[in-house]
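run11.pdb, holding PDB, C-alpha atoms, pLDDT in the B column:
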ATOM      1  CA  THR A 231      15.732  -2.341   7.776  1.00 43.00           C
ATOM      2  CA  GLU A 232      12.618  -0.194   7.997  1.00 51.00           C
ATOM      3  CA  ASN A 233      11.301  -1.661   4.774  1.00 51.00           C
ATOM      4  CA  SER A 234      11.850  -5.315   5.688  1.00 52.00           C
ATOM      5  CA  GLU A 235       8.152  -6.138   5.269  1.00 56.00           C
ATOM      6  CA  TRP A 236       8.444  -5.077   1.632  1.00 53.00           C
ATOM      7  CA  GLN A 237      11.234  -7.552   0.944  1.00 49.00           C
ATOM      8  CA  VAL A 238      10.051 -10.662  -0.832  1.00 47.00           C
ATOM      9  CA  GLU A 239      11.519 -13.351  -3.015  1.00 44.00           C
ATOM     10  CA  GLU A 240       9.392 -12.576  -6.075  1.00 48.00           C
ATOM     11  CA  GLN A 241       8.659  -8.954  -6.957  1.00 47.00           C
ATOM     12  CA  PRO A 242       6.940  -7.565 -10.044  1.00 49.00           C
ATOM     13  CA  ALA A 243       9.467  -6.562 -12.708  1.00 53.00           C
ATOM     14  CA  ASN A 244      12.345  -7.130 -10.249  1.00 66.00           C
ATOM     15  CA  LEU A 245      11.486  -4.000  -8.297  1.00 69.00           C
ATOM     16  CA  THR A 246      13.221  -3.168  -5.059  1.00 77.00           C
ATOM     17  CA  PRO A 247      11.183  -2.966  -1.842  1.00 79.00           C
ATOM     18  CA  GLU A 248      11.698   0.803  -1.903  1.00 82.00           C
ATOM     19  CA  GLU A 249      10.274   1.033  -5.448  1.00 83.00           C
ATOM     20  CA  LEU A 250       7.208  -0.986  -4.429  1.00 83.00           C
ATOM     21  CA  GLN A 251       6.709   1.218  -1.376  1.00 86.00           C
ATOM     22  CA  ALA A 252       7.052   4.415  -3.428  1.00 89.00           C
ATOM     23  CA  ALA A 253       4.577   3.156  -6.041  1.00 89.00           C
ATOM     24  CA  ALA A 254       2.007   2.216  -3.376  1.00 90.00           C
ATOM     25  CA  PHE A 255       2.385   5.584  -1.616  1.00 90.00           C
ATOM     26  CA  LYS A 256       1.997   7.500  -4.891  1.00 92.00           C
ATOM     27  CA  LYS A 257      -1.054   5.474  -5.950  1.00 92.00           C
ATOM     28  CA  ALA A 258      -2.724   5.847  -2.542  1.00 90.00           C
ATOM     29  CA  LYS A 259      -2.451   9.640  -2.763  1.00 90.00           C
ATOM     30  CA  VAL A 260      -4.788   9.638  -5.790  1.00 91.00           C
ATOM     31  CA  SER A 261      -7.041   6.677  -4.935  1.00 90.00           C
ATOM     32  CA  LYS A 262     -10.467   6.437  -3.348  1.00 91.00           C
ATOM     33  CA  SER A 263     -11.735   3.696  -1.066  1.00 90.00           C
ATOM     34  CA  SER A 264     -14.855   1.659  -1.756  1.00 85.00           C
ATOM     35  CA  ASP A 265     -16.855   4.223   0.269  1.00 89.00           C
ATOM     36  CA  GLY A 266     -15.416   7.154  -1.708  1.00 92.00           C
ATOM     37  CA  ARG A 267     -12.942   8.480   0.876  1.00 92.00           C
ATOM     38  CA  PRO A 268      -9.307   9.065  -0.063  1.00 94.00           C
ATOM     39  CA  ILE A 269      -6.980   6.199   0.921  1.00 93.00           C
ATOM     40  CA  CYS A 270      -4.373   6.966   3.579  1.00 93.00           C
ATOM     41  CA  PRO A 271      -0.956   6.629   1.913  1.00 93.00           C
ATOM     42  CA  PHE A 272       0.797   6.302   5.267  1.00 93.00           C
ATOM     43  CA  TYR A 273      -1.354   3.331   6.301  1.00 93.00           C
ATOM     44  CA  THR A 274      -0.935   1.802   2.840  1.00 90.00           C
ATOM     45  CA  VAL A 275       2.834   1.553   3.191  1.00 89.00           C
ATOM     46  CA  GLY A 276       3.254   1.347   6.965  1.00 88.00           C
ATOM     47  CA  GLY A 277       0.081  -0.069   8.468  1.00 84.00           C
ATOM     48  CA  ASN A 278      -0.914   1.273  11.869  1.00 82.00           C
ATOM     49  CA  ALA A 279       2.716   2.206  12.519  1.00 86.00           C
ATOM     50  CA  GLY A 280       2.719   4.378   9.386  1.00 88.00           C
ATOM     51  CA  CYS A 281      -0.381   6.452  10.156  1.00 92.00           C
ATOM     52  CA  ASN A 282      -0.175   8.667  13.227  1.00 93.00           C
ATOM     53  CA  PHE A 283      -3.960   9.058  13.470  1.00 93.00           C
ATOM     54  CA  GLY A 284      -4.994   5.394  13.683  1.00 88.00           C
ATOM     55  CA  LYS A 285      -8.756   4.897  13.799  1.00 86.00           C
ATOM     56  CA  ASP A 286      -9.235   8.691  14.002  1.00 93.00           C
ATOM     57  CA  CYS A 287      -7.664   9.162  10.558  1.00 93.00           C
ATOM     58  CA  ARG A 288      -9.968  10.968   8.129  1.00 93.00           C
ATOM     59  CA  PHE A 289      -8.627   8.808   5.297  1.00 94.00           C
ATOM     60  CA  ALA A 290      -9.629   5.217   4.609  1.00 94.00           C
ATOM     61  CA  HIS A 291      -7.370   2.451   5.852  1.00 93.00           C
ATOM     62  CA  GLN A 292      -7.865   0.063   2.964  1.00 92.00           C
ATOM     63  CA  CYS A 293      -5.705  -2.054   0.648  1.00 92.00           C
ATOM     64  CA  LEU A 294      -5.181  -0.613  -2.826  1.00 91.00           C
ATOM     65  CA  ILE A 295      -5.117  -4.048  -4.436  1.00 91.00           C
ATOM     66  CA  ASP A 296      -8.017  -6.073  -3.041  1.00 92.00           C
ATOM     67  CA  LYS A 297      -9.835  -3.337  -1.041  1.00 92.00           C
ATOM     68  CA  GLY A 298      -9.358  -5.374   2.157  1.00 92.00           C
ATOM     69  CA  SER A 299      -8.962  -3.877   5.628  1.00 90.00           C
ATOM     70  CA  HIS A 300      -5.202  -4.488   5.678  1.00 92.00           C
ATOM     71  CA  PRO A 301      -2.374  -2.254   4.449  1.00 92.00           C
ATOM     72  CA  THR A 302      -1.277  -2.794   0.862  1.00 89.00           C
ATOM     73  CA  LYS A 303       2.154  -3.880   2.125  1.00 86.00           C
ATOM     74  CA  ASP A 304       0.483  -6.913   3.746  1.00 89.00           C
ATOM     75  CA  CYS A 305      -1.700  -7.902   0.788  1.00 90.00           C
ATOM     76  CA  LYS A 306      -1.371 -11.526  -0.282  1.00 90.00           C
ATOM     77  CA  ASP A 307      -1.628 -10.323  -3.887  1.00 89.00           C
ATOM     78  CA  LEU A 308       1.115  -7.664  -3.621  1.00 84.00           C
ATOM     79  CA  HIS A 309       3.463  -9.489  -5.964  1.00 81.00           C
ATOM     80  CA  THR A 310       1.016 -10.437  -8.704  1.00 86.00           C
ATOM     81  CA  SER A 311       0.405  -9.015 -12.143  1.00 87.00           C
ATOM     82  CA  LYS A 312      -2.876  -7.563 -10.807  1.00 88.00           C
ATOM     83  CA  ALA A 313      -0.954  -5.559  -8.196  1.00 88.00           C
ATOM     84  CA  LYS A 314       1.594  -4.485 -10.779  1.00 86.00           C
ATOM     85  CA  GLN A 315      -1.224  -3.104 -12.950  1.00 90.00           C
ATOM     86  CA  ILE A 316      -2.998  -1.372 -10.053  1.00 90.00           C
ATOM     87  CA  LEU A 317       0.233   0.215  -8.781  1.00 89.00           C
ATOM     88  CA  GLY A 318       1.150   1.361 -12.276  1.00 88.00           C
ATOM     89  CA  LEU A 319       4.332  -0.698 -12.475  1.00 83.00           C
TER      90      LEU A 319
END

structure tokens encoding of this file:
Amino acid sequence: TENSEWQVEEQPANLTPEELQAAAFKKAKVSKSSDGRPICPFYTVGGNAGCNFGKDCRFAHQCLIDKGSHPTKDCKDLHTSKAKQILGL
């Protein structure tokens, strides 16, 4: 499926991949990057395939959880209690 990268064996609070994706998208819409720019919600949930603007995007392409340069969906900490708290789950 489209959301196959969100499917994992251990998810916070037994959330579905779609619920994780929705929470990350919602959180990204109100979050700022470490340099103060808004975070791109499309990159957060879809990586480069999710954002149509790529490196020309005016929003920051940054992980919500660890502030790394990868999409939140690819974060090694996505299924931790820290991520659950950050994503408001």

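Applied to the shown file, the PyMOL selection byres ((chain A and resi 303) around 10) selects the residues A:Asn233, A:Glu235, A:Trp236, A:Gln237, A:Pro247, A:Leu250, A:Gln251, A:Ala254, A:Tyr273, A:Thr274, A:Val275, A:Gly276, A:Gly277, A:Cys293, A:Leu294, A:Ile295, A:His300, A:Pro301, A:Thr302, A:Asp304, A:Cys305, A:Lys306, A:Asp307, A:Leu308, A:His309.
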
### Query
Which value, in Å to one decimal, gives the distance between CA of Pro271 in chain A and CA of Ser299 in chain A?
13.7 Å

Taking 3 positions as the minimum chain separation for residues in the same chain, which residues sit within 8 Å of Arg267 in chain A when counting all atoms listed in the file? Answer as a CSV table (one decimal) with C-alpha atoms, in the frame of the given file.
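Output file result_35.csv follows:
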chain,number,residue,atom,x,y,z
A,262,LYS,CA,-10.5,6.4,-3.3
A,263,SER,CA,-11.7,3.7,-1.1
A,264,SER,CA,-14.9,1.7,-1.8
A,289,PHE,CA,-8.6,8.8,5.3
A,290,ALA,CA,-9.6,5.2,4.6

### Task
Convert the output of the PyMOL selection byres ((chain A and resi 258-260) around 6) on the shown file into explicit residues, formatted as a list of chain:residue names.
A:Phe255, A:Lys256, A:Lys257, A:Ser261, A:Ile269, A:Pro271

### Query
What is the distance between CA of Gln315 in chain A and CA of Asp265 in chain A, in Å to one decimal?
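About the pair CA of Gln315 in chain A and CA of Asp265 in chain A: they are 21.7 Å apart.
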
### Message
So, with all atoms listed in the file as the atoms that count, which of A:Gly318, A:Ser311, A:Asn278, A:Glu249 lies closest to Gln292 in chain A?
### Response
A:Asn278

### Message
To one decimal place in Å, what is the distance between CA of Cys270 in chain A and CA of Ile316 in chain A?
### Response
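CA of Ile316 in chain A lies at a distance of 16.0 Å from CA of Cys270 in chain A.
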